[in-house]
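In what follows, a single structure is set out as structure tokens and then discussed.
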Amino acid sequence: MSDTWRADQDPIPVLVMAEMDHGEVLIVGAGPVGLTLAIDLAWRGINVTVIEKRAAAEPPEPKCNHVAARSMEIFRRLGLAEKVRNAGLPADYPHDISYRTTFTGCELTRIPIPCRRDRFTSKHGPDCNWPTPEPPHRINQIFLEPILFEHAAAQARIHIVNRALVEDVSIDDDSVSVVVRDLETGSARRASYRYLIGCDGARSVVRKAIGAELVGDAIVQRVQSTYIRAPDLIRRQNCERAWGTGVINPRRAGMVYAIDGRERWLIHNYMSPGEIDFEKVDRDACIRTILGVGADFEYDII
Ligand SMILES: Cc1cc2nc3c(=O)[nH]c(=O)nc-3n(C[C@H](O)[C@H](O)[C@H](O)COP(=O)(O)OP(=O)(O)OC[C@H]3O[C@@H](n4cnc5c(N)ncnc54)[C@H](O)[C@@H]3O)c2cc1C
């Protein structure tokens with residue numbers, strides 16, 4: 001893009017705020033990717049500003065559930081692997097994947113994956129012999145992100161600006177400028193950096209600004225996700241607990257993830273090919289079908 005922003009055309013005040021002018025690099029988004037990148041850049045001696053629309057320590061949505069071996073290796077280099085490994089599900093909670101007719105129904109098969117207590121000693125899992133010092137880890141984003149945030153916030157080279165929304169991005173040959181709205185006061189300001197990195201998730205403003213477009217199938221599977229609290233669910237299972245439970249039946253297929261190993265679950269309802277409108281799908285009925293529970297079963301949507 002070459003539409004350089006010009007002060008005489010724009011009513012937004014040109015303020016490279018002292019608090020935001022921290023280094024040459026701006027990262028938009030303090031999710032797992034933005035925070036990890038900021039920590040990595042700081043580790044390499046580079047000052048960086050991170051702008052995030054959420055408040056500091058505001059919990060993320062429970063999206064990312066699984067951290068790959070390569071990501072764990074990066075956390076190891078950054079001195080974070082042990083903390084990440086020790087968080088998430090209880091130490092003895094199996095990281096298995098179980099396939100069942102319903103969550104509370106018959107088990108069809110199971111992929112054994114060691115709980116974190118046995119991660120480095122067990123030989124019973126498909127990833128137990130991988131040539132890596134850091135095998136994969138099952139941990140939800142709600143537990144992963146606070147570890148990354150705490151570490152990033154403690155780095156002198158990282159400046160995190162929370163409750164700030166990047167609304168617009170303009171790029172020229174030598175720099176990039178962004179319009180940032182302070183979500184507390186409502187005021188907007190413009191700031192310039194040499195480098196801008198978009199870590200702002202699926203609806204990325206930065207992606208749109210650089211004209212990056214998806215190539216390939218936009219939709220592989222429509223999924224209606226619901227984060228619930230259901231303390232009674234864990235004991236209703238007919239088999240050993242699992243981190244992920246794939247539910248396979250002709251009525252309603254889905255996936256259920258154990259989030260805290262006690263009462264919180266993420267339920268993915270796999271929409272049928274004809275179901276394109278999320279609002280028209282009976283969420284409650286689908287959840288009960290996937291879980292295999294009746295109308296008397298109690299749960300809260302978080
Ligand atoms: C239901 C579900 C399950 C998933 N399961 C997995 C999984 O198991 N493993 C996996 O690797 N991935 C999974 N994903 C994908 C997951 O969302 C990403 O892996 C993960 O969230 C990527 O982190 P991120 O930092 O790139 O983005 P995000 O976590 O989306 O973070 C982006 C951040 O940018 C901020 N932001 C956005 N726009 C702006 C703006 N304009 N100004 C300021 N801040 C902004 C947001 O507030 C957010 O904090 C799942 C996704 C969903 C929806």
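Residues in the structure tokens are numbered from 1 in each chain, the chains being A, B, ... in the order shown, and ligands are numbered from 1 in the order shown.
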task = Give the residues close to ligand 1, within 6 Å, counting only C-alpha atoms and all ligand atoms; write them as a ChimeraX atom specification.
result = /A:28-34,51-54,63-67,164-167,199-201,204-205,225
inquiry  = Report as a ChimeraX atom specification all protein, DNA and RNA residues lying within 12 Å of Asn249 (chain A), evaluated on only C-alpha atoms, omitting residues in the same chain fewer than 2 positions from it.
reply    = /A:99-103,105-108,246-247,251-255,270,289-292
ask   = Residues at most 9 Å from region 80-87 of chain A, counting only C-alpha atoms, excluding those fewer than 5 positions away in the same chain, as an MDAnalysis selection string?
value = chainID A and resid 72:75 116:117 134 137:139 143:144 147:148 151
Which residues in region 7-168 of chain A does DSSP call alpha helix (DSSP H)? List them as an mmCIF file with N, CA and C atoms, in the first residue's frame.
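Below is the file that was written, out_37.cif:
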```cif
data_model
loop_
_atom_site.group_PDB
_atom_site.id
_atom_site.type_symbol
_atom_site.label_atom_id
_atom_site.label_comp_id
_atom_site.auth_asym_id
_atom_site.auth_seq_id
_atom_site.Cartn_x
_atom_site.Cartn_y
_atom_site.Cartn_z
ATOM 1 N N PRO A 32 -1.597 -15.267 22.069
ATOM 2 C CA PRO A 32 -0.393 -16.103 22.192
ATOM 3 C C PRO A 32 0.685 -15.768 21.161
ATOM 4 N N VAL A 33 0.273 -15.458 19.944
ATOM 5 C CA VAL A 33 1.271 -15.202 18.896
ATOM 6 C C VAL A 33 1.969 -13.858 19.117
ATOM 7 N N GLY A 34 1.180 -12.811 19.375
ATOM 8 C CA GLY A 34 1.776 -11.485 19.594
ATOM 9 C C GLY A 34 2.684 -11.463 20.811
ATOM 10 N N LEU A 35 2.243 -12.089 21.892
ATOM 11 C CA LEU A 35 3.054 -12.088 23.115
ATOM 12 C C LEU A 35 4.334 -12.894 22.930
ATOM 13 N N THR A 36 4.219 -14.054 22.279
ATOM 14 C CA THR A 36 5.418 -14.874 22.057
ATOM 15 C C THR A 36 6.411 -14.130 21.169
ATOM 16 N N LEU A 37 5.910 -13.480 20.147
ATOM 17 C CA LEU A 37 6.797 -12.734 19.259
ATOM 18 C C LEU A 37 7.465 -11.586 20.007
ATOM 19 N N ALA A 38 6.692 -10.879 20.845
ATOM 20 C CA ALA A 38 7.277 -9.770 21.610
ATOM 21 C C ALA A 38 8.386 -10.282 22.525
ATOM 22 N N ILE A 39 8.132 -11.416 23.184
ATOM 23 C CA ILE A 39 9.146 -11.986 24.082
ATOM 24 C C ILE A 39 10.380 -12.392 23.287
ATOM 25 N N ASP A 40 10.156 -12.961 22.117
ATOM 26 C CA ASP A 40 11.278 -13.388 21.267
ATOM 27 C C ASP A 40 12.109 -12.181 20.808
ATOM 28 N N LEU A 41 11.427 -11.123 20.370
ATOM 29 C CA LEU A 41 12.155 -9.923 19.909
ATOM 30 C C LEU A 41 12.931 -9.308 21.072
ATOM 31 N N ALA A 42 12.299 -9.224 22.240
ATOM 32 C CA ALA A 42 12.985 -8.669 23.408
ATOM 33 C C ALA A 42 14.212 -9.518 23.746
ATOM 34 N N TRP A 43 14.075 -10.829 23.620
ATOM 35 C CA TRP A 43 15.179 -11.768 23.872
ATOM 36 C C TRP A 43 16.352 -11.478 22.926
ATOM 37 N N ALA A 69 4.703 -29.363 19.331
ATOM 38 C CA ALA A 69 6.065 -29.561 19.823
ATOM 39 C C ALA A 69 6.964 -28.385 19.439
ATOM 40 N N ARG A 70 6.827 -27.899 18.223
ATOM 41 C CA ARG A 70 7.700 -26.798 17.784
ATOM 42 C C ARG A 70 7.460 -25.539 18.613
ATOM 43 N N SER A 71 6.184 -25.301 18.939
ATOM 44 C CA SER A 71 5.879 -24.142 19.786
ATOM 45 C C SER A 71 6.467 -24.335 21.187
ATOM 46 N N MET A 72 6.368 -25.563 21.695
ATOM 47 C CA MET A 72 6.951 -25.835 23.016
ATOM 48 C C MET A 72 8.468 -25.661 22.968
ATOM 49 N N GLU A 73 9.095 -26.029 21.851
ATOM 50 C CA GLU A 73 10.549 -25.834 21.721
ATOM 51 C C GLU A 73 10.893 -24.343 21.767
ATOM 52 N N ILE A 74 10.039 -23.526 21.147
ATOM 53 C CA ILE A 74 10.273 -22.075 21.195
ATOM 54 C C ILE A 74 10.101 -21.566 22.632
ATOM 55 N N PHE A 75 9.080 -22.062 23.320
ATOM 56 C CA PHE A 75 8.903 -21.662 24.723
ATOM 57 C C PHE A 75 10.117 -22.097 25.553
ATOM 58 N N ARG A 76 10.693 -23.226 25.202
ATOM 59 C CA ARG A 76 11.887 -23.698 25.920
ATOM 60 C C ARG A 76 13.044 -22.723 25.737
ATOM 61 N N ARG A 77 13.262 -22.300 24.495
ATOM 62 C CA ARG A 77 14.352 -21.344 24.228
ATOM 63 C C ARG A 77 14.128 -20.044 24.983
ATOM 64 N N ALA A 81 9.067 -22.987 28.894
ATOM 65 C CA ALA A 81 8.460 -24.305 28.654
ATOM 66 C C ALA A 81 7.974 -24.962 29.941
ATOM 67 N N GLU A 82 8.780 -24.858 31.000
ATOM 68 C CA GLU A 82 8.409 -25.543 32.229
ATOM 69 C C GLU A 82 7.117 -24.969 32.810
ATOM 70 N N LYS A 83 7.037 -23.650 32.804
ATOM 71 C CA LYS A 83 5.818 -23.007 33.324
ATOM 72 C C LYS A 83 4.596 -23.415 32.508
ATOM 73 N N VAL A 84 4.759 -23.424 31.188
ATOM 74 C CA VAL A 84 3.630 -23.794 30.325
ATOM 75 C C VAL A 84 3.269 -25.257 30.561
ATOM 76 N N ARG A 85 4.283 -26.104 30.651
ATOM 77 C CA ARG A 85 4.049 -27.540 30.840
ATOM 78 C C ARG A 85 3.316 -27.812 32.144
ATOM 79 N N GLN A 141 -5.883 -21.881 25.914
ATOM 80 C CA GLN A 141 -5.395 -20.504 25.825
ATOM 81 C C GLN A 141 -5.643 -19.717 27.122
ATOM 82 N N ILE A 142 -6.716 -20.063 27.866
ATOM 83 C CA ILE A 142 -7.006 -19.309 29.090
ATOM 84 C C ILE A 142 -5.940 -19.544 30.151
ATOM 85 N N PHE A 143 -5.196 -20.653 30.045
ATOM 86 C CA PHE A 143 -4.097 -20.902 30.974
ATOM 87 C C PHE A 143 -2.748 -20.504 30.360
ATOM 88 N N LEU A 144 -2.625 -20.658 29.061
ATOM 89 C CA LEU A 144 -1.366 -20.334 28.384
ATOM 90 C C LEU A 144 -1.103 -18.830 28.371
ATOM 91 N N GLU A 145 -2.134 -18.081 28.012
ATOM 92 C CA GLU A 145 -1.923 -16.643 27.776
ATOM 93 C C GLU A 145 -1.457 -15.881 29.015
ATOM 94 N N PRO A 146 -2.028 -16.137 30.210
ATOM 95 C CA PRO A 146 -1.533 -15.406 31.380
ATOM 96 C C PRO A 146 -0.045 -15.623 31.644
ATOM 97 N N ILE A 147 0.458 -16.823 31.329
ATOM 98 C CA ILE A 147 1.890 -17.083 31.529
ATOM 99 C C ILE A 147 2.703 -16.203 30.587
ATOM 100 N N LEU A 148 2.266 -16.145 29.345
ATOM 101 C CA LEU A 148 2.975 -15.327 28.357
ATOM 102 C C LEU A 148 2.865 -13.843 28.714
ATOM 103 N N PHE A 149 1.658 -13.442 29.135
ATOM 104 C CA PHE A 149 1.446 -12.023 29.458
ATOM 105 C C PHE A 149 2.333 -11.608 30.637
ATOM 106 N N GLU A 150 2.339 -12.422 31.669
ATOM 107 C CA GLU A 150 3.133 -12.074 32.857
ATOM 108 C C GLU A 150 4.609 -11.945 32.495
ATOM 109 N N HIS A 151 5.099 -12.861 31.679
ATOM 110 C CA HIS A 151 6.508 -12.831 31.294
ATOM 111 C C HIS A 151 6.796 -11.603 30.421
ATOM 112 N N ALA A 152 5.911 -11.356 29.463
ATOM 113 C CA ALA A 152 6.128 -10.209 28.557
ATOM 114 C C ALA A 152 6.079 -8.895 29.333
ATOM 115 N N ALA A 153 5.108 -8.776 30.240
ATOM 116 C CA ALA A 153 4.941 -7.522 30.982
ATOM 117 C C ALA A 153 6.145 -7.230 31.873
#
```
message = Which residues are near Ile210 (chain A)? Cut-off 10 Å, only C-alpha atoms, ignore same chain within fewer than 4 positions. Put them as a PyMOL selection string.
response = chain A and resi 1+169-171+198+205-206
Atoms kept (C-alpha atoms) for selection, written as an mmCIF file, in the first residue's frame:
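Writing the result to part_28.cif gives the following:
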```cif
data_model
loop_
_atom_site.group_PDB
_atom_site.id
_atom_site.type_symbol
_atom_site.label_atom_id
_atom_site.label_comp_id
_atom_site.auth_asym_id
_atom_site.auth_seq_id
_atom_site.Cartn_x
_atom_site.Cartn_y
_atom_site.Cartn_z
ATOM 1 C CA MET A 1 0.000 0.000 0.000
ATOM 2 C CA VAL A 169 -3.081 1.169 9.141
ATOM 3 C CA SER A 170 -1.190 3.164 6.489
ATOM 4 C CA ILE A 171 2.042 1.989 5.008
ATOM 5 C CA GLY A 198 -0.166 -8.104 12.656
ATOM 6 C CA VAL A 205 -7.053 -5.173 10.515
ATOM 7 C CA VAL A 206 -3.402 -5.529 9.512
#
```
request  = Might you pull out every residue within 12 Å of region 278-284 of chain A, with only C-alpha atoms counted and same-chain residues fewer than 6 positions away left off, and present them as a ChimeraX atom specification?
outcome  = /A:222-228,252,267-272,290-295,297-301
Export, as a PDB file, in the first residue's frame, the selected residues with N, CA and C atoms.
```pdb
ATOM      1  N   ARG A 222     -18.166 -25.976   9.377  1.00  0.00           N
ATOM      2  CA  ARG A 222     -18.752 -24.978  10.279  1.00  0.00           C
ATOM      3  C   ARG A 222     -18.879 -25.606  11.654  1.00  0.00           C
ATOM      4  N   VAL A 223     -18.426 -24.849  12.660  1.00  0.00           N
ATOM      5  CA  VAL A 223     -18.449 -25.362  14.029  1.00  0.00           C
ATOM      6  C   VAL A 223     -19.088 -24.324  14.940  1.00  0.00           C
ATOM      7  N   GLN A 224     -20.057 -24.765  15.709  1.00  0.00           N
ATOM      8  CA  GLN A 224     -20.666 -23.894  16.716  1.00  0.00           C
ATOM      9  C   GLN A 224     -20.042 -24.266  18.065  1.00  0.00           C
ATOM     10  N   SER A 225     -19.261 -23.353  18.621  1.00  0.00           N
ATOM     11  CA  SER A 225     -18.539 -23.655  19.854  1.00  0.00           C
ATOM     12  C   SER A 225     -19.243 -23.060  21.056  1.00  0.00           C
ATOM     13  N   THR A 226     -19.308 -23.820  22.122  1.00  0.00           N
ATOM     14  CA  THR A 226     -19.936 -23.331  23.355  1.00  0.00           C
ATOM     15  C   THR A 226     -19.063 -23.720  24.543  1.00  0.00           C
ATOM     16  N   TYR A 227     -18.800 -22.740  25.375  1.00  0.00           N
ATOM     17  CA  TYR A 227     -17.964 -22.932  26.562  1.00  0.00           C
ATOM     18  C   TYR A 227     -18.913 -23.059  27.749  1.00  0.00           C
ATOM     19  N   ILE A 228     -18.889 -24.209  28.400  1.00  0.00           N
ATOM     20  CA  ILE A 228     -19.879 -24.438  29.463  1.00  0.00           C
ATOM     21  C   ILE A 228     -19.229 -24.800  30.800  1.00  0.00           C
ATOM     22  N   ARG A 252     -25.720 -36.120  15.637  1.00  0.00           N
ATOM     23  CA  ARG A 252     -24.987 -34.885  15.882  1.00  0.00           C
ATOM     24  C   ARG A 252     -23.552 -35.237  16.265  1.00  0.00           C
ATOM     25  N   ILE A 267     -17.422 -27.231  23.897  1.00  0.00           N
ATOM     26  CA  ILE A 267     -18.140 -28.173  23.039  1.00  0.00           C
ATOM     27  C   ILE A 267     -18.190 -27.631  21.617  1.00  0.00           C
ATOM     28  N   HIS A 268     -17.673 -28.414  20.702  1.00  0.00           N
ATOM     29  CA  HIS A 268     -17.744 -28.062  19.285  1.00  0.00           C
ATOM     30  C   HIS A 268     -18.865 -28.864  18.645  1.00  0.00           C
ATOM     31  N   ASN A 269     -19.837 -28.168  18.136  1.00  0.00           N
ATOM     32  CA  ASN A 269     -20.944 -28.809  17.429  1.00  0.00           C
ATOM     33  C   ASN A 269     -20.654 -28.727  15.929  1.00  0.00           C
ATOM     34  N   TYR A 270     -20.416 -29.870  15.311  1.00  0.00           N
ATOM     35  CA  TYR A 270     -20.116 -29.879  13.874  1.00  0.00           C
ATOM     36  C   TYR A 270     -21.420 -29.714  13.097  1.00  0.00           C
ATOM     37  N   MET A 271     -21.567 -28.580  12.476  1.00  0.00           N
ATOM     38  CA  MET A 271     -22.803 -28.303  11.736  1.00  0.00           C
ATOM     39  C   MET A 271     -22.886 -29.224  10.518  1.00  0.00           C
ATOM     40  N   SER A 272     -24.100 -29.621  10.202  1.00  0.00           N
ATOM     41  CA  SER A 272     -24.314 -30.465   9.022  1.00  0.00           C
ATOM     42  C   SER A 272     -24.162 -29.608   7.765  1.00  0.00           C
ATOM     43  N   ILE A 290     -24.905 -34.223  21.783  1.00  0.00           N
ATOM     44  CA  ILE A 290     -23.466 -34.544  21.791  1.00  0.00           C
ATOM     45  C   ILE A 290     -23.072 -35.156  23.135  1.00  0.00           C
ATOM     46  N   LEU A 291     -23.583 -34.582  24.205  1.00  0.00           N
ATOM     47  CA  LEU A 291     -23.227 -35.108  25.532  1.00  0.00           C
ATOM     48  C   LEU A 291     -23.961 -36.409  25.844  1.00  0.00           C
ATOM     49  N   GLY A 292     -25.112 -36.625  25.208  1.00  0.00           N
ATOM     50  CA  GLY A 292     -25.908 -37.822  25.509  1.00  0.00           C
ATOM     51  C   GLY A 292     -26.612 -37.686  26.848  1.00  0.00           C
ATOM     52  N   VAL A 293     -27.127 -36.483  27.107  1.00  0.00           N
ATOM     53  CA  VAL A 293     -27.813 -36.246  28.385  1.00  0.00           C
ATOM     54  C   VAL A 293     -29.228 -35.749  28.104  1.00  0.00           C
ATOM     55  N   GLY A 294     -30.092 -35.896  29.099  1.00  0.00           N
ATOM     56  CA  GLY A 294     -31.487 -35.496  28.937  1.00  0.00           C
ATOM     57  C   GLY A 294     -31.727 -34.063  29.353  1.00  0.00           C
ATOM     58  N   ALA A 295     -33.019 -33.702  29.342  1.00  0.00           N
ATOM     59  CA  ALA A 295     -33.414 -32.325  29.648  1.00  0.00           C
ATOM     60  C   ALA A 295     -33.128 -31.959  31.099  1.00  0.00           C
ATOM     61  N   PHE A 297     -30.400 -32.530  32.705  1.00  0.00           N
ATOM     62  CA  PHE A 297     -28.975 -32.248  32.939  1.00  0.00           C
ATOM     63  C   PHE A 297     -28.751 -30.740  33.001  1.00  0.00           C
ATOM     64  N   GLU A 298     -28.004 -30.296  34.015  1.00  0.00           N
ATOM     65  CA  GLU A 298     -27.815 -28.859  34.211  1.00  0.00           C
ATOM     66  C   GLU A 298     -26.418 -28.420  33.801  1.00  0.00           C
ATOM     67  N   TYR A 299     -26.381 -27.327  33.050  1.00  0.00           N
ATOM     68  CA  TYR A 299     -25.099 -26.706  32.695  1.00  0.00           C
ATOM     69  C   TYR A 299     -25.327 -25.212  32.506  1.00  0.00           C
ATOM     70  N   ASP A 300     -24.244 -24.444  32.642  1.00  0.00           N
ATOM     71  CA  ASP A 300     -24.299 -23.000  32.381  1.00  0.00           C
ATOM     72  C   ASP A 300     -23.397 -22.683  31.207  1.00  0.00           C
ATOM     73  N   ILE A 301     -23.847 -21.780  30.372  1.00  0.00           N
ATOM     74  CA  ILE A 301     -22.971 -21.295  29.303  1.00  0.00           C
ATOM     75  C   ILE A 301     -22.093 -20.179  29.860  1.00  0.00           C
TER      76      ILE A 301
END
```
key: Using only C-alpha atoms: which of A:Cys115, A:Ile234, A:Val180, A:Leu78 has the shortest distance to Asp92 (chain A)   =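 Under the stated criterion, the closest residue is A:Cys115.
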